[in-house]
Amino acid sequence: MTAATGMSERRRYWLSLAALAVVLPLAIVVNSWDSLSEWRRSEFRTPIAVERGTTQAYAGAQWQLTGLTRLPGATPETTLIVAEFDAAVDDPALLQAGPCAVVLTDDKGRRWLPVFLPGRTVRQGRPAAADKPRCYGLARAEKGKTITMAETFTVPEGATGLALSITIGGARPAYLVFR
Amino acid sequence: MSAVLKGLGGLALAAAVLYGMQRTTPGYGEITAPRPVAGKLGHRLEGRAFAIDIAKVQLARTVATKGAARDSNFTTSGVWVLVEGTAEARTESLTLLSAEWLGANGVRYAMSQRLSSLPGMLPGQRLEPGLPMPVLMAFEIPEGQVAGGTLLIARSAWAPLAEQARIEMAGAKPVDIRPCLVLARSQGRVPWTVSAE
């Protein structure tokens, strides 16, 4: 073995070892790329702020918040928030491209999910909203039709800075924020 | 000679390292095990997703329920454990579907399904951020598992890497087993009352 071949062999050995440090993380990233992009897409990342009384195009429909009513809750420290909103359908396929999710947030970053059954208080205090379907009403979307929906939330009396977020699976990571 | 020894030594070292790695590889269950958050009876336990405060544990041979429609008597071949407390979601609305009694010998007991229709039962309480809710749990366990028990509470029975509250039930002792406890519906903030008969 000559000194020259010894050198090149040694260099190749260290190069290969150094390449591992790059190739291994790369292989992990390539392998999990689909899951990573899926995870990024499922996040609420791009808020579209909507002013009171205005409509906003989103996920193949024109959205509008028509009412945010406070009703007394079951105990003195709770409040029911009834959110009513409309979607004028332009493209039913886009609108039904994923599940609809509605969340009420406050200025402390707390998140309330809608209650399953609105109950008697809503039926008495806001009868018009009690008969509206929840977000699943979008399943019956047809072009040109306007769908009215309502969701109810139980929040503490002192919650401030409430905002309603609406997202459609197919349009994520963009989501609507009504203040 | 020294080259042969070196080779043998390297082989033995590699074998030892491989054996060690094989013996210490964690199983799938261990990798995805819940993250425990420890707490004590009577103290509020603050997790990331939920907070829970177990206030009281009562033991009985039988549980009598007084309902709106009819009264029932529930006997058991073990011991009834009634656990009362308060739970609250921290950041997002949730329901705590799983509560287990971990006995001193490592056996876990799920909640009794026989009283699951009563108001205030933990899996039936929707927890909202900022609104502490009274919660009730009922277990049927052998008498020998009362002392040294731990309460395990999580969002679901099997959730990888999810938070699990572990509350030491130091207050539960077999000497405190009552013959009968009455569980009645109530109209107040706490939708039940527990009383000894």
# chains A, B, ... in the order shown; residues from 1 in each chain; ligands from 1

$ closest_atom_pairs --of "chain A" --to "chain B" --cutoff "7 Å" --atoms "only C-alpha atoms" --output "tab-separated table"
residue	atom	partner	partner_atom	distance
A:Arg110	CA	B:Thr91	CA	4.7
A:Arg111	CA	B:Glu92	CA	4.5
A:Trp112	CA	B:Ser93	CA	5.2
A:Leu113	CA	B:Ser93	CA	5.6
A:Pro156	CA	B:Gly130	CA	5.9

$ residues_around --residues "range 148-155 of chain A" --least-positions-apart "3" --cutoff "6 Å" --atoms "only C-alpha atoms" --output "short mmCIF file (atom, residue, chain, number, x, y, z; two decimals) with N, CA and C atoms, in the first residue's frame"
data_model
loop_
_atom_site.label_atom_id
_atom_site.label_comp_id
_atom_site.auth_asym_id
_atom_site.auth_seq_id
_atom_site.Cartn_x
_atom_site.Cartn_y
_atom_site.Cartn_z
N THR A 78 -72.03 30.96 34.52
CA THR A 78 -71.93 30.56 33.12
C THR A 78 -72.82 31.43 32.22
N THR A 79 -72.42 31.54 30.98
CA THR A 79 -73.17 32.28 29.97
C THR A 79 -73.24 31.41 28.72
N LEU A 80 -74.38 31.43 28.07
CA LEU A 80 -74.49 30.72 26.79
C LEU A 80 -74.30 31.73 25.68
N ILE A 81 -73.48 31.37 24.71
CA ILE A 81 -73.29 32.23 23.54
C ILE A 81 -73.88 31.50 22.35
N VAL A 82 -74.86 32.12 21.71
CA VAL A 82 -75.46 31.52 20.51
C VAL A 82 -74.92 32.28 19.31
N ALA A 83 -74.18 31.59 18.47
CA ALA A 83 -73.62 32.21 17.26
C ALA A 83 -74.44 31.75 16.07
N GLU A 84 -74.94 32.71 15.30
CA GLU A 84 -75.71 32.38 14.10
C GLU A 84 -74.95 32.92 12.89
N PHE A 85 -74.85 32.09 11.86
CA PHE A 85 -74.11 32.53 10.67
C PHE A 85 -74.71 31.92 9.42
N ASP A 86 -74.47 32.62 8.29
CA ASP A 86 -75.00 32.22 6.99
C ASP A 86 -73.85 31.87 6.05
N PRO A 114 -68.47 23.77 20.44
CA PRO A 114 -69.93 23.89 20.56
C PRO A 114 -70.52 22.78 21.42
N VAL A 115 -71.63 23.08 22.10
CA VAL A 115 -72.31 22.04 22.86
C VAL A 115 -73.12 21.20 21.89
N PRO A 118 -78.41 22.23 22.06
CA PRO A 118 -78.56 23.59 22.57
C PRO A 118 -79.40 23.66 23.84
N ALA A 129 -82.80 30.55 16.57
CA ALA A 129 -81.53 29.84 16.44
C ALA A 129 -81.67 28.37 16.77
N LYS A 132 -82.20 26.21 13.77
CA LYS A 132 -81.19 26.19 12.70
C LYS A 132 -80.27 24.99 12.89
N PRO A 133 -79.83 24.37 11.78
CA PRO A 133 -78.90 23.25 11.93
C PRO A 133 -77.55 23.75 12.40
N ARG A 134 -76.76 22.83 12.96
CA ARG A 134 -75.39 23.18 13.32
C ARG A 134 -74.55 23.17 12.04
#

$ select_by_dssp --residues "chain A" --states "helix (DSSP H, G or I)" --output "PyMOL selection string"
chain A and resi 3-31+33-42+92-95+120-125+127-130+135-140+169-171

$ select_by_dssp --residues "range 40-112 of chain B" --states "strand (DSSP E or B)" --output "NGL selection string"
:B and (40 or 44-46 or 50-66 or 71-89 or 92 or 94-95 or 98-102 or 108-110)

$ write_last_selection --atoms "C-alpha atoms" --output "PDB file, in the first residue's frame"
ATOM      1  CA  LYS B  40     -52.570  14.248  45.957  1.00  0.00           C
ATOM      2  CA  ARG B  44     -55.828  20.715  42.843  1.00  0.00           C
ATOM      3  CA  LEU B  45     -53.761  19.036  40.140  1.00  0.00           C
ATOM      4  CA  GLU B  46     -52.964  21.285  37.179  1.00  0.00           C
ATOM      5  CA  PHE B  50     -57.195  19.786  32.350  1.00  0.00           C
ATOM      6  CA  ALA B  51     -57.159  20.448  36.086  1.00  0.00           C
ATOM      7  CA  ILE B  52     -58.731  18.111  38.630  1.00  0.00           C
ATOM      8  CA  ASP B  53     -59.254  18.335  42.361  1.00  0.00           C
ATOM      9  CA  ILE B  54     -60.345  15.157  44.166  1.00  0.00           C
ATOM     10  CA  ALA B  55     -61.988  16.269  47.387  1.00  0.00           C
ATOM     11  CA  LYS B  56     -63.460  13.136  48.925  1.00  0.00           C
ATOM     12  CA  VAL B  57     -63.339   9.334  48.774  1.00  0.00           C
ATOM     13  CA  GLN B  58     -66.000   7.196  50.461  1.00  0.00           C
ATOM     14  CA  LEU B  59     -66.240   3.419  50.730  1.00  0.00           C
ATOM     15  CA  ALA B  60     -69.328   1.256  51.137  1.00  0.00           C
ATOM     16  CA  ARG B  61     -70.587  -2.337  50.914  1.00  0.00           C
ATOM     17  CA  THR B  62     -73.750  -1.256  49.115  1.00  0.00           C
ATOM     18  CA  VAL B  63     -74.866   1.890  47.300  1.00  0.00           C
ATOM     19  CA  ALA B  64     -78.505   2.943  47.347  1.00  0.00           C
ATOM     20  CA  THR B  65     -79.621   5.395  44.668  1.00  0.00           C
ATOM     21  CA  LYS B  66     -82.624   7.674  45.048  1.00  0.00           C
ATOM     22  CA  ASP B  71     -84.890   3.806  44.144  1.00  0.00           C
ATOM     23  CA  SER B  72     -82.374   1.005  43.664  1.00  0.00           C
ATOM     24  CA  ASN B  73     -79.922  -0.917  45.782  1.00  0.00           C
ATOM     25  CA  PHE B  74     -76.550  -1.921  44.355  1.00  0.00           C
ATOM     26  CA  THR B  75     -74.632  -4.649  46.144  1.00  0.00           C
ATOM     27  CA  THR B  76     -71.150  -5.757  45.200  1.00  0.00           C
ATOM     28  CA  SER B  77     -68.879  -8.686  45.938  1.00  0.00           C
ATOM     29  CA  GLY B  78     -66.114  -6.146  46.554  1.00  0.00           C
ATOM     30  CA  VAL B  79     -66.237  -2.600  47.857  1.00  0.00           C
ATOM     31  CA  TRP B  80     -67.882   0.453  46.325  1.00  0.00           C
ATOM     32  CA  VAL B  81     -65.571   3.456  46.032  1.00  0.00           C
ATOM     33  CA  LEU B  82     -67.292   6.803  45.451  1.00  0.00           C
ATOM     34  CA  VAL B  83     -64.907   9.589  44.448  1.00  0.00           C
ATOM     35  CA  GLU B  84     -66.050  13.217  44.405  1.00  0.00           C
ATOM     36  CA  GLY B  85     -64.148  16.171  43.004  1.00  0.00           C
ATOM     37  CA  THR B  86     -64.041  19.097  40.626  1.00  0.00           C
ATOM     38  CA  ALA B  87     -62.621  19.136  37.107  1.00  0.00           C
ATOM     39  CA  GLU B  88     -61.974  21.908  34.607  1.00  0.00           C
ATOM     40  CA  ALA B  89     -60.624  22.131  31.071  1.00  0.00           C
ATOM     41  CA  GLU B  92     -60.050  23.688  25.138  1.00  0.00           C
ATOM     42  CA  LEU B  94     -62.996  18.297  26.598  1.00  0.00           C
ATOM     43  CA  THR B  95     -64.521  15.241  28.239  1.00  0.00           C
ATOM     44  CA  SER B  98     -61.271   7.337  31.444  1.00  0.00           C
ATOM     45  CA  ALA B  99     -60.811   6.912  35.177  1.00  0.00           C
ATOM     46  CA  GLU B 100     -59.117   3.866  36.675  1.00  0.00           C
ATOM     47  CA  TRP B 101     -58.334   2.698  40.187  1.00  0.00           C
ATOM     48  CA  LEU B 102     -54.756   1.413  40.285  1.00  0.00           C
ATOM     49  CA  ARG B 108     -56.194  -1.434  37.268  1.00  0.00           C
ATOM     50  CA  TYR B 109     -59.974  -1.242  37.677  1.00  0.00           C
ATOM     51  CA  ALA B 110     -62.141   0.729  35.247  1.00  0.00           C
TER      52      ALA B 110
END

$ residues_around --residues "Arg120 in chain A" --least-positions-apart "4" --cutoff "12 Å" --atoms "only C-alpha atoms" --output "list in words"
Leu71, Pro72, Gly73, Ala74, Leu80, Gln124, Gly125, Arg126, Pro127, Ala129, Ala130, Asp131 and Thr152 of chain A

$ write_last_selection --atoms "N, CA and C atoms" --output "mmCIF file, in the first residue's frame"
data_model
loop_
_atom_site.group_PDB
_atom_site.id
_atom_site.type_symbol
_atom_site.label_atom_id
_atom_site.label_comp_id
_atom_site.auth_asym_id
_atom_site.auth_seq_id
_atom_site.Cartn_x
_atom_site.Cartn_y
_atom_site.Cartn_z
ATOM 1 N N LEU A 71 -76.969 34.488 26.472
ATOM 2 C CA LEU A 71 -78.126 34.035 27.246
ATOM 3 C C LEU A 71 -77.621 33.569 28.607
ATOM 4 N N PRO A 72 -78.454 33.657 29.660
ATOM 5 C CA PRO A 72 -78.002 33.186 30.967
ATOM 6 C C PRO A 72 -77.779 31.677 30.953
ATOM 7 N N GLY A 73 -76.722 31.217 31.613
ATOM 8 C CA GLY A 73 -76.404 29.791 31.652
ATOM 9 C C GLY A 73 -77.113 29.087 32.801
ATOM 10 N N ALA A 74 -76.767 27.806 32.983
ATOM 11 C CA ALA A 74 -77.419 26.999 34.015
ATOM 12 C C ALA A 74 -77.071 27.490 35.418
ATOM 13 N N LEU A 80 -74.379 31.428 28.071
ATOM 14 C CA LEU A 80 -74.494 30.719 26.795
ATOM 15 C C LEU A 80 -74.296 31.733 25.676
ATOM 16 N N GLN A 124 -85.946 28.894 24.422
ATOM 17 C CA GLN A 124 -86.773 29.975 24.961
ATOM 18 C C GLN A 124 -86.201 31.355 24.644
ATOM 19 N N GLY A 125 -84.884 31.497 24.805
ATOM 20 C CA GLY A 125 -84.265 32.814 24.654
ATOM 21 C C GLY A 125 -83.994 33.203 23.217
ATOM 22 N N ARG A 126 -83.856 32.239 22.355
ATOM 23 C CA ARG A 126 -83.508 32.528 20.960
ATOM 24 C C ARG A 126 -84.131 31.444 20.078
ATOM 25 N N PRO A 127 -85.467 31.397 19.999
ATOM 26 C CA PRO A 127 -86.133 30.294 19.278
ATOM 27 C C PRO A 127 -85.705 30.177 17.821
ATOM 28 N N ALA A 129 -82.803 30.551 16.565
ATOM 29 C CA ALA A 129 -81.525 29.843 16.440
ATOM 30 C C ALA A 129 -81.668 28.371 16.768
ATOM 31 N N ALA A 130 -82.612 28.043 17.651
ATOM 32 C CA ALA A 130 -82.746 26.659 18.099
ATOM 33 C C ALA A 130 -83.114 25.722 16.960
ATOM 34 N N ASP A 131 -83.804 26.250 15.943
ATOM 35 C CA ASP A 131 -84.219 25.395 14.832
ATOM 36 C C ASP A 131 -83.198 25.346 13.704
ATOM 37 N N THR A 152 -73.995 26.714 19.692
ATOM 38 C CA THR A 152 -74.111 27.229 21.055
ATOM 39 C C THR A 152 -72.867 26.843 21.855
#

$ residues_around --residues "range 45-50 of chain A" --least-positions-apart "4" --cutoff "7 Å" --atoms "only C-alpha atoms" --output "list in words"
Thr54, Gln56, Pro173, Ala174, Tyr175, Leu176, Val177 and Phe178 of chain A

$ atom_distance --atom1 "CA of Met169 in chain B" --atom2 "CA of Gln187 in chain B"
28.7 Å

$ atom_distance --atom1 "CA of Pro92 in chain A" --atom2 "CA of Ile166 in chain A"
16.5 Å

$ atom_distance --atom1 "CA of Leu15 in chain A" --atom2 "CA of Ser32 in chain A"
26.1 Å
